[in-house]
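Containing mmCIF, C-alpha atoms and all ligand atoms: target16.cif.
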```cif
data_start
#
loop_
_atom_site.group_PDB
_atom_site.id
_atom_site.type_symbol
_atom_site.label_atom_id
_atom_site.label_comp_id
_atom_site.auth_asym_id
_atom_site.auth_seq_id
_atom_site.Cartn_x
_atom_site.Cartn_y
_atom_site.Cartn_z
ATOM 1 C CA MET A 1 0.000 0.000 0.000
ATOM 2 C CA ALA A 2 1.229 3.492 -0.813
ATOM 3 C CA ILE A 3 2.060 5.971 1.889
ATOM 4 C CA VAL A 4 2.910 9.664 1.750
ATOM 5 C CA ARG A 5 5.621 11.074 3.980
ATOM 6 C CA ALA A 6 8.038 13.966 4.301
ATOM 7 C CA ALA A 7 11.145 13.337 2.216
ATOM 8 C CA THR A 8 14.560 12.827 3.796
ATOM 9 C CA ALA A 9 18.098 13.298 2.478
ATOM 10 C CA ALA A 10 18.047 9.635 1.421
ATOM 11 C CA ASP A 11 15.300 10.458 -1.120
ATOM 12 C CA VAL A 12 17.248 13.048 -3.150
ATOM 13 C CA ASP A 13 18.170 10.781 -6.075
ATOM 14 C CA ALA A 14 14.724 9.157 -6.161
ATOM 15 C CA ILE A 15 13.010 12.581 -6.264
ATOM 16 C CA CYS A 16 15.295 13.738 -9.099
ATOM 17 C CA ASP A 17 14.587 10.528 -10.987
ATOM 18 C CA VAL A 18 10.804 10.570 -10.562
ATOM 19 C CA CYS A 19 10.470 14.300 -11.356
ATOM 20 C CA THR A 20 12.791 14.078 -14.369
ATOM 21 C CA ARG A 21 11.000 11.065 -15.823
ATOM 22 C CA GLY A 22 7.602 12.538 -14.958
ATOM 23 C CA TYR A 23 8.490 15.890 -16.564
ATOM 24 C CA ARG A 24 9.927 14.318 -19.717
ATOM 25 C CA ALA A 25 6.862 12.091 -20.128
ATOM 26 C CA THR A 26 4.407 14.978 -19.670
ATOM 27 C CA TYR A 27 5.516 17.614 -22.175
ATOM 28 C CA PRO A 28 6.957 16.046 -25.366
ATOM 29 C CA ASP A 29 4.108 17.515 -27.446
ATOM 30 C CA LEU A 30 4.023 20.874 -25.656
ATOM 31 C CA LEU A 31 7.633 21.950 -25.096
ATOM 32 C CA THR A 32 10.819 21.811 -27.149
ATOM 33 C CA PRO A 33 13.559 19.351 -26.127
ATOM 34 C CA GLU A 34 15.736 22.382 -25.233
ATOM 35 C CA TYR A 35 13.085 23.766 -22.890
ATOM 36 C CA ILE A 36 12.592 20.370 -21.227
ATOM 37 C CA ASP A 37 16.344 19.854 -20.775
ATOM 38 C CA ARG A 38 16.720 23.327 -19.285
ATOM 39 C CA VAL A 39 13.932 22.894 -16.702
ATOM 40 C CA VAL A 40 15.026 19.413 -15.678
ATOM 41 C CA ALA A 41 18.637 20.551 -15.302
ATOM 42 C CA GLU A 42 17.590 23.565 -13.240
ATOM 43 C CA PHE A 43 15.012 22.077 -10.870
ATOM 44 C CA TYR A 44 15.626 18.337 -10.625
ATOM 45 C CA ARG A 45 19.386 18.089 -10.107
ATOM 46 C CA PRO A 46 20.588 16.527 -6.829
ATOM 47 C CA GLU A 47 22.519 19.636 -5.681
ATOM 48 C CA ARG A 48 19.319 21.662 -5.785
ATOM 49 C CA VAL A 49 16.859 19.049 -4.492
ATOM 50 C CA ARG A 50 19.206 18.350 -1.555
ATOM 51 C CA THR A 51 18.746 21.945 -0.405
ATOM 52 C CA GLU A 52 14.961 21.725 -0.844
ATOM 53 C CA ILE A 53 14.264 18.494 1.053
ATOM 54 C CA GLY A 54 13.614 20.308 4.292
ATOM 55 C CA ALA A 55 10.941 22.897 4.970
ATOM 56 C CA ALA A 56 11.588 26.649 4.938
ATOM 57 C CA PRO A 57 8.192 27.700 6.309
ATOM 58 C CA PRO A 58 5.921 29.249 5.389
ATOM 59 C CA HIS A 59 7.152 29.664 1.796
ATOM 60 C CA TRP A 60 8.244 26.061 1.225
ATOM 61 C CA LEU A 61 6.951 23.177 3.354
ATOM 62 C CA GLY A 62 9.423 20.564 2.132
ATOM 63 C CA TYR A 63 9.312 17.786 -0.457
ATOM 64 C CA GLN A 64 6.708 15.091 0.208
ATOM 65 C CA VAL A 65 6.988 11.662 -1.390
ATOM 66 C CA ALA A 66 4.591 8.835 -2.221
ATOM 67 C CA GLU A 67 6.239 5.507 -1.503
ATOM 68 C CA GLU A 68 5.176 1.935 -2.135
ATOM 69 C CA ASP A 69 7.151 -1.173 -1.188
ATOM 70 C CA GLY A 70 10.132 1.053 -0.415
ATOM 71 C CA ARG A 71 10.089 2.778 -3.835
ATOM 72 C CA VAL A 72 9.434 6.477 -4.332
ATOM 73 C CA LEU A 73 6.724 6.736 -7.010
ATOM 74 C CA GLY A 74 5.913 10.444 -6.742
ATOM 75 C CA ALA A 75 6.961 13.748 -5.237
ATOM 76 C CA ALA A 76 5.240 17.040 -4.459
ATOM 77 C CA GLY A 77 5.749 20.250 -2.541
ATOM 78 C CA GLY A 78 3.917 23.419 -1.619
ATOM 79 C CA GLY A 79 3.949 26.440 0.597
ATOM 80 C CA LEU A 80 2.510 29.895 1.178
ATOM 81 C CA THR A 81 3.161 32.747 -1.267
ATOM 82 C CA SER A 82 1.508 35.280 1.074
ATOM 83 C CA PRO A 83 -0.508 35.012 4.314
ATOM 84 C CA GLY A 84 -3.585 32.863 3.601
ATOM 85 C CA THR A 85 -2.492 31.890 0.081
ATOM 86 C CA GLY A 86 -1.136 28.416 -0.606
ATOM 87 C CA GLU A 87 0.590 27.175 -3.749
ATOM 88 C CA LEU A 88 1.280 23.693 -5.028
ATOM 89 C CA PHE A 89 4.699 24.225 -6.599
ATOM 90 C CA VAL A 90 5.471 20.754 -7.903
ATOM 91 C CA ILE A 91 3.829 17.354 -8.355
ATOM 92 C CA TYR A 92 5.172 14.545 -10.534
ATOM 93 C CA LEU A 93 4.644 10.807 -10.585
ATOM 94 C CA ASP A 94 6.486 7.885 -12.089
ATOM 95 C CA PRO A 95 4.719 7.793 -15.494
ATOM 96 C CA ASP A 96 3.931 4.079 -15.007
ATOM 97 C CA HIS A 97 1.968 4.808 -11.840
ATOM 98 C CA ARG A 98 -0.511 7.477 -12.889
ATOM 99 C CA ARG A 99 -4.239 7.126 -12.200
ATOM 100 C CA ARG A 100 -3.818 4.969 -9.095
ATOM 101 C CA GLY A 101 -4.677 7.695 -6.602
ATOM 102 C CA LEU A 102 -1.060 8.608 -5.747
ATOM 103 C CA GLY A 103 -1.468 12.165 -7.049
ATOM 104 C CA THR A 104 -4.524 12.608 -4.839
ATOM 105 C CA LEU A 105 -2.584 11.315 -1.812
ATOM 106 C CA LEU A 106 0.209 13.823 -2.483
ATOM 107 C CA LEU A 107 -2.197 16.692 -3.127
ATOM 108 C CA ASP A 108 -4.103 15.892 0.091
ATOM 109 C CA ARG A 109 -0.844 15.942 2.018
ATOM 110 C CA VAL A 110 0.259 19.316 0.630
ATOM 111 C CA THR A 111 -3.261 20.664 1.197
ATOM 112 C CA GLU A 112 -3.083 19.645 4.867
ATOM 113 C CA GLN A 113 0.284 21.359 5.164
ATOM 114 C CA VAL A 114 -0.811 24.665 3.652
ATOM 115 C CA VAL A 115 -4.055 24.673 5.676
ATOM 116 C CA GLU A 116 -2.031 24.117 8.838
ATOM 117 C CA ALA A 117 0.133 27.076 7.770
ATOM 118 C CA GLY A 118 -3.010 29.230 7.470
ATOM 119 C CA ALA A 119 -4.026 28.979 3.795
ATOM 120 C CA THR A 120 -7.665 29.480 2.834
ATOM 121 C CA ARG A 121 -7.043 28.899 -0.878
ATOM 122 C CA MET A 122 -4.452 27.070 -2.929
ATOM 123 C CA TRP A 123 -3.128 27.943 -6.382
ATOM 124 C CA VAL A 124 -1.332 25.896 -8.995
ATOM 125 C CA SER A 125 0.198 26.732 -12.382
ATOM 126 C CA VAL A 126 -0.341 24.148 -15.068
ATOM 127 C CA LEU A 127 0.898 24.320 -18.623
ATOM 128 C CA ASP A 128 -1.802 25.237 -21.151
ATOM 129 C CA GLY A 129 -2.616 21.992 -22.967
ATOM 130 C CA ASN A 130 -1.358 19.669 -20.210
ATOM 131 C CA THR A 131 -4.033 17.003 -20.578
ATOM 132 C CA LYS A 132 -2.400 14.938 -17.833
ATOM 133 C CA GLY A 133 -2.562 17.740 -15.258
ATOM 134 C CA ILE A 134 -5.601 19.968 -15.933
ATOM 135 C CA PRO A 135 -8.238 17.186 -15.665
ATOM 136 C CA PHE A 136 -6.665 16.075 -12.374
ATOM 137 C CA TYR A 137 -6.860 19.561 -10.880
ATOM 138 C CA ARG A 138 -10.424 20.022 -12.119
ATOM 139 C CA ALA A 139 -11.412 16.671 -10.585
ATOM 140 C CA ARG A 140 -9.930 17.827 -7.293
ATOM 141 C CA GLY A 141 -11.771 21.152 -7.166
ATOM 142 C CA PHE A 142 -9.445 23.659 -8.871
ATOM 143 C CA GLU A 143 -10.882 26.196 -11.326
ATOM 144 C CA PRO A 144 -8.910 28.019 -14.035
ATOM 145 C CA VAL A 145 -8.655 31.760 -13.440
ATOM 146 C CA GLU A 146 -6.157 33.241 -15.884
ATOM 147 C CA ARG A 147 -3.695 32.254 -18.580
ATOM 148 C CA LYS A 148 -0.230 33.727 -18.154
ATOM 149 C CA HIS A 149 3.207 33.537 -19.721
ATOM 150 C CA ALA A 150 4.735 30.483 -18.047
ATOM 151 C CA PHE A 151 7.129 30.887 -15.128
ATOM 152 C CA GLY A 152 10.557 29.836 -16.359
ATOM 153 C CA ALA A 153 9.795 30.613 -20.003
ATOM 154 C CA ARG A 154 12.018 33.195 -21.690
ATOM 155 C CA ALA A 155 10.321 36.314 -23.055
ATOM 156 C CA ASP A 156 10.699 34.989 -26.620
ATOM 157 C CA GLU A 157 9.135 31.596 -25.791
ATOM 158 C CA GLU A 158 5.405 31.249 -26.480
ATOM 159 C CA VAL A 159 4.672 29.069 -23.467
ATOM 160 C CA TYR A 160 1.595 29.705 -21.333
ATOM 161 C CA SER A 161 0.206 28.341 -18.073
ATOM 162 C CA TRP A 162 -3.194 28.378 -16.480
ATOM 163 C CA ARG A 163 -3.395 29.654 -12.945
ATOM 164 C CA MET A 164 -5.963 27.473 -11.184
ATOM 165 C CA VAL A 165 -7.309 27.986 -7.667
ATOM 166 C CA LYS A 166 -9.211 25.955 -5.102
ATOM 167 C CA PRO A 167 -10.879 27.290 -1.955
ATOM 168 C CA LEU A 168 -9.809 25.472 1.213
ATOM 169 C CA SER A 169 -11.978 25.366 4.321
HETATM 170 C C1 LIG B 201 -1.216 14.998 -12.342
HETATM 171 C C2 LIG B 201 -0.849 13.746 -11.532
HETATM 172 C C3 LIG B 201 0.074 14.126 -10.386
HETATM 173 C C4 LIG B 201 -2.160 13.182 -10.955
HETATM 174 O O1 LIG B 201 -1.869 12.035 -10.187
HETATM 175 P P1 LIG B 201 -2.614 10.653 -10.436
HETATM 176 O O2 LIG B 201 -2.216 9.716 -9.364
HETATM 177 O O3 LIG B 201 -2.385 10.228 -11.846
HETATM 178 O O4 LIG B 201 -4.145 11.083 -10.268
HETATM 179 P P2 LIG B 201 -5.274 10.310 -9.414
HETATM 180 O O5 LIG B 201 -5.212 8.857 -9.702
HETATM 181 O O6 LIG B 201 -5.188 10.726 -7.981
HETATM 182 O O7 LIG B 201 -6.566 10.936 -10.130
HETATM 183 C C5 LIG B 201 -7.638 11.553 -9.447
HETATM 184 C C6 LIG B 201 -8.705 11.937 -10.467
HETATM 185 O O8 LIG B 201 -8.221 12.989 -11.321
HETATM 186 C C7 LIG B 201 -8.734 12.792 -12.659
HETATM 187 N N1 LIG B 201 -7.597 12.543 -13.546
HETATM 188 C C8 LIG B 201 -6.301 12.321 -13.207
HETATM 189 N N2 LIG B 201 -5.513 12.208 -14.301
HETATM 190 C C9 LIG B 201 -6.344 12.345 -15.368
HETATM 191 C C10 LIG B 201 -6.141 12.320 -16.773
HETATM 192 N N3 LIG B 201 -4.908 12.117 -17.316
HETATM 193 N N4 LIG B 201 -7.212 12.493 -17.581
HETATM 194 C C11 LIG B 201 -8.458 12.687 -17.075
HETATM 195 N N5 LIG B 201 -8.712 12.726 -15.728
HETATM 196 C C12 LIG B 201 -7.673 12.566 -14.899
HETATM 197 C C13 LIG B 201 -9.661 11.606 -12.589
HETATM 198 O O9 LIG B 201 -10.966 12.081 -12.279
HETATM 199 C C14 LIG B 201 -9.077 10.830 -11.424
HETATM 200 O O10 LIG B 201 -10.000 9.974 -10.797
HETATM 201 P P3 LIG B 201 -10.269 8.499 -11.430
HETATM 202 O O11 LIG B 201 -8.935 7.887 -11.773
HETATM 203 O O12 LIG B 201 -10.998 7.793 -10.333
HETATM 204 O O13 LIG B 201 -11.089 8.744 -12.679
HETATM 205 C C15 LIG B 201 -0.166 12.654 -12.387
HETATM 206 O O14 LIG B 201 -1.069 12.118 -13.326
HETATM 207 C C16 LIG B 201 1.054 13.141 -13.129
HETATM 208 O O15 LIG B 201 2.179 13.009 -12.671
HETATM 209 N N6 LIG B 201 0.818 13.710 -14.343
HETATM 210 C C17 LIG B 201 1.896 14.180 -15.175
HETATM 211 C C18 LIG B 201 2.651 15.332 -14.529
HETATM 212 C C19 LIG B 201 1.806 16.568 -14.367
HETATM 213 O O16 LIG B 201 1.036 16.963 -15.226
HETATM 214 N N7 LIG B 201 1.993 17.217 -13.205
HETATM 215 C C20 LIG B 201 1.329 18.473 -12.918
HETATM 216 C C21 LIG B 201 2.187 19.586 -13.344
HETATM 217 S S1 LIG B 201 1.421 21.160 -12.969
#
```

Could you show the structure in this file as structure tokens?
Amino acid sequence: MAIVRAATAADVDAICDVCTRGYRATYPDLLTPEYIDRVVAEFYRPERVRTEIGAAPPHWLGYQVAEEDGRVLGAAGGGLTSPGTGELFVIYLDPDHRRRGLGTLLLDRVTEQVVEAGATRMWVSVLDGNTKGIPFYRARGFEPVERKHAFGARADEEVYSWRMVKPLS
């Protein structure tokens, strides 16, 4: 049975692996190979993830992992961007383990964390056209609010994200 727990230093390589494979499997039709390589190299390298394992409250509440039979199958993390406002910053699964409820377990965990930190709403950015992410967020109560130039995209890159929000209480 899968469990969700706070990540430890021993999970660094597994988080990099699951997020890299999850990211690469999600965007081949939406992003260029250069864009994908750049994001993976920036966010999911061990030197960076090692510094982000622990919480830096309230802005970052630490990586959370979904584990089954001792294997990390997913990772997520959130925090507060301002008092009362939560954000899910990252959520990726092993591509072979989607649609088994692991994403919901991770989202529930991050939701609990941001609520405990005082959030009454939670936001997420999801790439326009991400048919693996948007239906999940809709099914879990998020509504799209606005379409914006994607965080991490260069000014000359036509890459857009939906900002979606869910009330919490
Ligand atoms: C998004 C993600 C974390 C969701 O996790 P998951 O474990 O696959 O989702 P769950 O099994 O908890 O799904 C819960 C519900 O969401 C909906 N849902 C999830 N994925 C869906 C999809 N691809 N298409 C349609 N509905 C979907 C369904 O209603 C599902 O319930 P059901 O399986 O009983 O029908 C995971 O699929 C993933 O890693 N996707 C690729 C990466 C990604 O897009 N991350 C988000 C970046 S912003």

Output of the PyMOL selection byres (((not hetatm)) within 7 of (chain B and resi 201)), listed as number ranges by chain = A: 22-23, 26, 90-95, 97-105, 124-127, 130-133, 135-137, 139-140

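Residues matched by the PyMOL selection byres (((chain A and resi 82) around 12) and not hetatm) in this file are Pro57, Pro58, His59, Trp60, Gly79, Leu80, Thr81, Pro83, Gly84, Thr85, Gly86, Glu87, Val114, Ala117, Gly118, Ala119, Thr120, Arg121, Met122 and Trp123 of chain A.
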
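Counting from atom CA of Leu88 of chain A, the distance to atom CA of Ala7 of chain A is 16.0 Å.
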
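Distances here use all atoms listed in the file; by that measure, the residue among A:Glu116, A:Glu52, A:Asp128, A:Asp108 closest to Thr8 of chain A is A:Glu52.
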
request  = Kindly give the distance, in Å, that separates atom CA of Gly129 of chain A and atom CA of Gly77 of chain A, rounded to a single decimal.
outcome  =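 If I compute the distance from atom CA of Gly129 of chain A to atom CA of Gly77 of chain A, I get 22.1 Å.
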
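Across the model, the gap from atom CA of Asp29 of chain A to atom CA of Glu47 of chain A is 28.6 Å.
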